[in-house]
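Shown here: structure_38.cif, mmCIF, C-alpha atoms.
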data_target
#
loop_
_atom_site.group_PDB
_atom_site.id
_atom_site.type_symbol
_atom_site.label_atom_id
_atom_site.label_comp_id
_atom_site.auth_asym_id
_atom_site.auth_seq_id
_atom_site.Cartn_x
_atom_site.Cartn_y
_atom_site.Cartn_z
ATOM 1 C CA MET L 259 -10.928 16.662 -2.669
ATOM 2 C CA THR L 260 -11.015 14.319 -5.623
ATOM 3 C CA ASP L 261 -8.735 11.342 -6.018
ATOM 4 C CA ASP L 262 -6.513 13.082 -8.553
ATOM 5 C CA GLN L 263 -5.954 15.917 -6.087
ATOM 6 C CA THR L 264 -4.780 13.622 -3.309
ATOM 7 C CA THR L 265 -1.451 14.742 -1.878
ATOM 8 C CA MET L 266 0.718 11.829 -0.858
ATOM 9 C CA ILE L 267 3.611 12.195 1.570
ATOM 10 C CA ASP L 268 6.539 9.793 1.668
ATOM 11 C CA PHE L 269 7.106 8.578 5.230
ATOM 12 C CA ALA L 270 10.559 7.216 4.403
ATOM 13 C CA PRO L 271 12.628 10.282 5.407
ATOM 14 C CA THR L 272 11.022 10.401 8.856
ATOM 15 C CA VAL L 273 11.058 6.631 9.337
ATOM 16 C CA HIS L 274 14.753 6.493 8.434
ATOM 17 C CA ARG L 275 15.515 9.130 11.050
ATOM 18 C CA VAL L 276 13.503 7.310 13.717
ATOM 19 C CA THR L 277 15.053 3.952 12.862
ATOM 20 C CA ALA L 278 18.532 5.462 13.069
ATOM 21 C CA LEU L 279 17.862 6.355 16.702
ATOM 22 C CA LEU L 280 17.147 2.807 17.834
ATOM 23 C CA SER L 281 20.732 1.585 17.924
ATOM 24 C CA GLY L 282 21.523 4.496 20.236
ATOM 25 C CA VAL L 283 18.996 3.467 22.887
ATOM 26 C CA SER L 284 20.513 1.433 25.708
ATOM 27 C CA ASP L 285 18.636 -0.890 28.031
ATOM 28 C CA GLU L 286 19.594 1.445 30.875
ATOM 29 C CA GLN L 287 17.651 4.263 29.191
ATOM 30 C CA LEU L 288 14.327 2.441 28.962
ATOM 31 C CA ASN L 289 13.161 3.923 32.266
ATOM 32 C CA ALA L 290 14.353 7.439 31.417
ATOM 33 C CA PRO L 291 11.784 10.255 31.080
ATOM 34 C CA THR L 292 10.786 11.703 27.719
ATOM 35 C CA PRO L 293 9.185 15.009 26.648
ATOM 36 C CA CYS L 294 5.974 13.023 26.008
ATOM 37 C CA GLY L 295 4.083 13.483 29.266
ATOM 38 C CA THR L 296 4.498 10.569 31.653
ATOM 39 C CA TYR L 297 5.975 8.231 29.031
ATOM 40 C CA SER L 298 9.341 6.658 29.711
ATOM 41 C CA VAL L 299 11.586 5.681 26.825
ATOM 42 C CA GLY L 300 10.283 2.109 27.111
ATOM 43 C CA ASP L 301 6.671 3.305 27.066
ATOM 44 C CA LEU L 302 7.403 5.397 23.983
ATOM 45 C CA LEU L 303 9.019 2.504 22.137
ATOM 46 C CA ASP L 304 6.022 0.308 22.925
ATOM 47 C CA HIS L 305 3.763 3.066 21.617
ATOM 48 C CA PHE L 306 5.789 3.087 18.382
ATOM 49 C CA MET L 307 5.271 -0.672 18.091
ATOM 50 C CA GLY L 308 1.487 -0.337 18.268
ATOM 51 C CA LEU L 309 1.394 2.840 16.208
ATOM 52 C CA ALA L 310 3.198 1.134 13.340
ATOM 53 C CA ILE L 311 0.600 -1.647 13.275
ATOM 54 C CA GLY L 312 -2.457 0.564 13.690
ATOM 55 C CA MET L 313 -1.449 3.138 11.117
ATOM 56 C CA ARG L 314 -0.466 0.456 8.602
ATOM 57 C CA HIS L 315 -3.929 -1.036 8.925
ATOM 58 C CA ALA L 316 -5.357 2.470 8.474
ATOM 59 C CA ALA L 317 -3.463 2.792 5.193
ATOM 60 C CA GLU L 318 -4.616 -0.653 4.049
ATOM 61 C CA LYS L 319 -8.217 0.005 5.169
ATOM 62 C CA THR L 320 -8.185 -3.295 7.034
ATOM 63 C CA THR L 321 -9.867 -4.176 10.297
ATOM 64 C CA ALA L 322 -7.172 -6.541 11.504
ATOM 65 C CA THR L 323 -6.179 -6.012 15.121
ATOM 66 C CA ALA L 324 -2.854 -6.224 16.873
ATOM 67 C CA GLY L 325 -1.951 -9.429 18.641
ATOM 68 C CA PRO L 326 -2.591 -9.928 22.357
ATOM 69 C CA ASP L 327 0.904 -8.751 23.226
ATOM 70 C CA ASP L 328 0.833 -5.698 20.972
ATOM 71 C CA PRO L 329 -0.208 -2.256 22.205
ATOM 72 C CA ALA L 330 -3.183 -0.517 20.661
ATOM 73 C CA PRO L 331 -2.539 2.791 18.883
ATOM 74 C CA GLY L 332 -2.331 5.537 21.477
ATOM 75 C CA GLU L 333 -1.105 3.240 24.239
ATOM 76 C CA GLY L 334 2.361 2.360 25.395
ATOM 77 C CA SER L 335 3.795 0.381 28.289
ATOM 78 C CA ALA L 336 7.412 -0.525 28.899
ATOM 79 C CA ASP L 337 6.192 -3.604 30.767
ATOM 80 C CA ARG L 338 4.802 -4.946 27.492
ATOM 81 C CA LEU L 339 7.701 -3.923 25.239
ATOM 82 C CA ASP L 340 8.787 -6.804 22.991
ATOM 83 C CA PRO L 341 12.374 -7.783 23.954
ATOM 84 C CA GLY L 342 13.110 -7.961 20.229
ATOM 85 C CA TRP L 343 11.973 -4.391 19.554
ATOM 86 C CA ARG L 344 15.316 -3.395 18.022
ATOM 87 C CA GLN L 345 14.709 -5.837 15.182
ATOM 88 C CA GLU L 346 10.908 -5.794 15.063
ATOM 89 C CA LEU L 347 10.237 -2.056 15.183
ATOM 90 C CA PRO L 348 12.250 -1.255 12.019
ATOM 91 C CA ARG L 349 10.329 -3.988 10.185
ATOM 92 C CA ARG L 350 7.011 -2.567 11.308
ATOM 93 C CA LEU L 351 8.009 0.968 10.379
ATOM 94 C CA ASP L 352 9.155 -0.150 6.928
ATOM 95 C CA ALA L 353 5.817 -1.908 6.402
ATOM 96 C CA LEU L 354 4.023 1.268 7.486
ATOM 97 C CA THR L 355 6.021 3.296 4.976
ATOM 98 C CA GLU L 356 5.212 0.910 2.146
ATOM 99 C CA ALA L 357 1.511 0.873 3.008
ATOM 100 C CA TRP L 358 1.265 4.673 2.767
ATOM 101 C CA ARG L 359 3.027 4.656 -0.610
ATOM 102 C CA GLU L 360 -0.124 3.214 -2.162
ATOM 103 C CA PRO L 361 -2.352 5.937 -3.676
ATOM 104 C CA SER L 362 -5.406 4.146 -2.282
ATOM 105 C CA ALA L 363 -4.100 4.709 1.247
ATOM 106 C CA TRP L 364 -4.768 8.441 0.860
ATOM 107 C CA GLN L 365 -8.266 8.109 -0.563
ATOM 108 C CA GLY L 366 -11.660 7.738 1.099
ATOM 109 C CA THR L 367 -11.965 7.361 4.849
ATOM 110 C CA THR L 368 -10.219 5.094 7.303
ATOM 111 C CA VAL L 369 -10.048 4.172 10.979
ATOM 112 C CA ALA L 370 -7.281 4.092 13.599
ATOM 113 C CA GLY L 371 -7.647 3.803 17.340
ATOM 114 C CA GLY L 372 -11.430 3.820 16.988
ATOM 115 C CA VAL L 373 -11.394 7.200 15.202
ATOM 116 C CA THR L 374 -12.747 7.552 11.664
ATOM 117 C CA MET L 375 -11.483 10.375 9.472
ATOM 118 C CA PRO L 376 -10.540 11.144 5.868
ATOM 119 C CA ALA L 377 -7.566 9.023 4.850
ATOM 120 C CA GLN L 378 -5.710 12.133 3.671
ATOM 121 C CA MET L 379 -5.955 13.509 7.201
ATOM 122 C CA MET L 380 -5.072 10.190 8.813
ATOM 123 C CA GLY L 381 -1.869 10.049 6.796
ATOM 124 C CA VAL L 382 -0.777 13.388 8.199
ATOM 125 C CA VAL L 383 -1.720 12.249 11.711
ATOM 126 C CA ALA L 384 0.511 9.190 11.254
ATOM 127 C CA LEU L 385 3.365 11.369 10.010
ATOM 128 C CA ASP L 386 2.902 13.726 12.961
ATOM 129 C CA GLU L 387 3.113 10.806 15.389
ATOM 130 C CA LEU L 388 6.303 9.530 13.787
ATOM 131 C CA LEU L 389 8.033 12.896 13.536
ATOM 132 C CA ILE L 390 7.164 14.269 16.975
ATOM 133 C CA HIS L 391 7.718 11.004 18.839
ATOM 134 C CA GLY L 392 11.007 10.621 16.972
ATOM 135 C CA TRP L 393 12.014 13.961 18.455
ATOM 136 C CA ASP L 394 10.832 12.752 21.880
ATOM 137 C CA LEU L 395 13.017 9.655 21.603
ATOM 138 C CA ALA L 396 16.040 11.595 20.388
ATOM 139 C CA ARG L 397 15.859 14.137 23.209
ATOM 140 C CA ALA L 398 15.270 11.487 25.855
ATOM 141 C CA THR L 399 18.331 9.523 24.730
ATOM 142 C CA GLY L 400 20.628 12.443 23.914
ATOM 143 C CA GLN L 401 20.786 11.898 20.160
ATOM 144 C CA PRO L 402 20.697 14.377 17.254
ATOM 145 C CA TYR L 403 17.507 14.562 15.206
ATOM 146 C CA ASP L 404 16.224 16.547 12.268
ATOM 147 C CA CYS L 405 13.517 16.269 9.639
ATOM 148 C CA ASP L 406 12.979 17.010 5.977
ATOM 149 C CA ALA L 407 11.237 20.230 5.019
ATOM 150 C CA ARG L 408 8.147 18.625 3.492
ATOM 151 C CA SER L 409 7.406 16.496 6.534
ATOM 152 C CA ALA L 410 7.872 19.473 8.846
ATOM 153 C CA GLU L 411 5.549 21.625 6.740
ATOM 154 C CA ALA L 412 2.847 18.944 6.742
ATOM 155 C CA VAL L 413 3.022 18.523 10.518
ATOM 156 C CA ILE L 414 3.076 22.279 11.132
ATOM 157 C CA GLY L 415 -0.006 22.666 8.938
ATOM 158 C CA TRP L 416 -1.823 19.919 10.831
ATOM 159 C CA LEU L 417 -0.949 21.161 14.311
ATOM 160 C CA SER L 418 -1.653 24.797 13.406
ATOM 161 C CA ALA L 419 -5.271 23.829 12.777
ATOM 162 C CA PHE L 420 -5.799 23.384 16.523
ATOM 163 C CA PRO L 421 -5.621 26.573 18.612
ATOM 164 C CA ASP L 422 -5.321 25.863 22.330
ATOM 165 C CA GLU L 423 -9.034 26.325 22.984
ATOM 166 C CA GLN L 424 -9.944 23.760 20.307
ATOM 167 C CA ARG L 425 -7.361 21.089 21.069
ATOM 168 C CA PRO L 426 -8.763 17.584 21.620
ATOM 169 C CA ASP L 427 -8.434 16.490 25.250
ATOM 170 C CA GLY L 428 -5.144 14.675 25.750
ATOM 171 C CA ALA L 429 -4.079 14.985 22.114
ATOM 172 C CA PHE L 430 -1.657 17.890 22.465
ATOM 173 C CA GLY L 431 -0.383 20.141 25.212
ATOM 174 C CA PRO L 432 -0.737 23.934 25.068
ATOM 175 C CA MET L 433 1.353 25.468 22.313
ATOM 176 C CA VAL L 434 4.786 26.726 23.338
ATOM 177 C CA SER L 435 6.019 30.085 22.042
ATOM 178 C CA VAL L 436 9.096 30.075 19.807
ATOM 179 C CA PRO L 437 10.789 32.874 17.840
ATOM 180 C CA ASP L 438 9.357 33.668 14.410
ATOM 181 C CA ASP L 439 12.604 32.488 12.817
ATOM 182 C CA ALA L 440 12.706 29.182 14.716
ATOM 183 C CA PRO L 441 13.644 26.143 12.606
ATOM 184 C CA PRO L 442 10.689 24.168 11.215
ATOM 185 C CA LEU L 443 11.304 21.229 13.561
ATOM 186 C CA ASP L 444 11.256 23.520 16.602
ATOM 187 C CA ARG L 445 8.017 25.069 15.352
ATOM 188 C CA ALA L 446 6.415 21.646 14.923
ATOM 189 C CA VAL L 447 7.561 20.532 18.368
ATOM 190 C CA ALA L 448 6.271 23.740 19.960
ATOM 191 C CA LEU L 449 2.909 23.391 18.235
ATOM 192 C CA SER L 450 2.633 19.879 19.694
ATOM 193 C CA GLY L 451 2.925 21.365 23.184
ATOM 194 C CA ARG L 452 6.574 20.520 23.816
ATOM 195 C CA ASP L 453 9.447 22.811 24.727
ATOM 196 C CA PRO L 454 12.055 22.605 21.921
ATOM 197 C CA GLY L 455 14.705 23.209 24.570
ATOM 198 C CA TRP L 456 13.758 20.115 26.579
ATOM 199 C CA ARG L 457 16.747 18.040 27.725
ATOM 200 C CA ALA L 458 16.908 14.804 29.688
#

Rendering of file as structure tokens:
Amino acid sequence: MTDDQTTMIDFAPTVHRVTALLSGVSDEQLNAPTPCGTYSVGDLLDHFMGLAIGMRHAAEKTTATAGPDDPAPGEGSADRLDPGWRQELPRRLDALTEAWREPSAWQGTTVAGGVTMPAQMMGVVALDELLIHGWDLARATGQPYDCDARSAEAVIGWLSAFPDEQRPDGAFGPMVSVPDDAPPLDRAVALSGRDPGWRA
């Protein structure tokens, strides 16, 4: 793919939906389970904090690392969650969005979490993390959640590339069956290995 064929995706619609959830998360819910494996709500929020840093650096093609109190991409621990996450996480997500608005973010190769891949692919991975974990957070805290069509299509395309027998260890669960006419968000969630009907 040449530079002029690079397809950029605006993270803003998904980030706005995730950010809107934060005010609806109470301190009492931080220990609640989520659809994301063994993650609690607090673990998931901490993962978001590190994800926002790691994927921004991936967009910027920088090698800067998170601070000693910040989680690495792919990790999350409620014990380490910044008490100011309600203010800090929106700032980090906004910075992530702005970083991926640069055409250069989608060109060449980049690194996140020790993995090197084409930047075009990394951008979709970042979007997938935001969209699916946003759904996780919404379900765990009993809040409504949807997504724009373009983001859903990008995530569905990415997740569809991994049949169960080729899925990276620990990256996704086995695909869940949904009706052919299921909404795009349900299809994306099912492809990630989650049950769209999951409730706390």

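Comparing L:Gly300, L:Pro293, L:Gly451, L:Pro441 by their smallest distance to Leu417 of chain L, the closest is L:Gly451 (using all atoms listed in the file).
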
Could you give me, as a PyMOL selection string, the residues within 12 Å of Asp337 of chain L, counting all atoms listed in the file and dropping anything in the same chain fewer than 3 positions from it? chain L and resi 288-289+297-305+327-329+333-334+340-341

I need the residue set behind the PyMOL selection byres ((chain L and resi 436) around 12) for this file; please write it as a compact mmCIF listing (two decimals) with C-alpha atoms, in the frame of the given file.
# COMPACT_ATOMS: atom_id res chain seq x y z
CA MET L 433 1.35 25.47 22.31
CA VAL L 434 4.79 26.73 23.34
CA SER L 435 6.02 30.08 22.04
CA PRO L 437 10.79 32.87 17.84
CA ASP L 438 9.36 33.67 14.41
CA ASP L 439 12.60 32.49 12.82
CA ALA L 440 12.71 29.18 14.72
CA PRO L 441 13.64 26.14 12.61
CA PRO L 442 10.69 24.17 11.22
CA LEU L 443 11.30 21.23 13.56
CA ASP L 444 11.26 23.52 16.60
CA ARG L 445 8.02 25.07 15.35
CA ALA L 446 6.42 21.65 14.92
CA VAL L 447 7.56 20.53 18.37
CA ALA L 448 6.27 23.74 19.96
CA LEU L 449 2.91 23.39 18.24
CA GLY L 451 2.92 21.36 23.18
CA ARG L 452 6.57 20.52 23.82
CA ASP L 453 9.45 22.81 24.73
CA PRO L 454 12.06 22.60 21.92
CA GLY L 455 14.70 23.21 24.57

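Atom CA of Ala317 of chain L lies 4.4 Å from atom CA of Ala363 of chain L.
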
Given the file shown, determine the residues that the PyMOL selection byres ((chain L and resi 380) around 9) selects; report them as a VMD selection string. chain L and resid 313 316 to 317 364 367 to 370 374 to 379 381 to 385

Between L:Val276, L:Ile267, L:Met307, L:Leu351, which is the closest to Ala407 of chain L once you count all atoms listed in the file? L:Ile267

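Take the candidates L:Ala419, L:Glu346, L:Ala270, L:Gly366 and check each one against Leu388 of chain L using only C-alpha atoms; the shortest distance goes to L:Ala270.
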
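Each of L:Pro361, L:Pro271, L:Pro291, L:Gly431 was checked against Thr399 of chain L using all atoms listed in the file; the smallest atom-to-atom distance is that of L:Pro291.
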
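In terms of minimum interatomic distance to Gln401 of chain L, L:Ser284 ranks closest within L:Ser284, L:Thr272, L:Thr265, L:Gln345, counting all atoms listed in the file.
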
Which is closer to Val283 of chain L than all the others in L:Gly400, L:Arg338, L:Asp268, L:Trp456, using only C-alpha atoms? L:Gly400

Evaluate the PyMOL selection byres ((chain L and resi 354) around 8) here and jot the selected residues down as an MDAnalysis selection string. chainID L and resid 310:311 313:314 317 350:353 355:358

Write out as lines of an AutoDock Vina configuration file an axis-aligned box for segment 409-415 of chain L: all of its atoms listed in the file, 6 Å added on each side, centre and edge lengths in Å with one decimal.
center_x = 3.9
center_y = 19.6
center_z = 8.8
size_x = 19.9
size_y = 18.2
size_z = 16.6

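Separating atom CA of Ser362 of chain L from atom CA of Arg349 of chain L is a distance of 21.7 Å.
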
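Interatomic distance, atom CA of Ile390 of chain L to atom CA of Ala410 of chain L: 9.7 Å.
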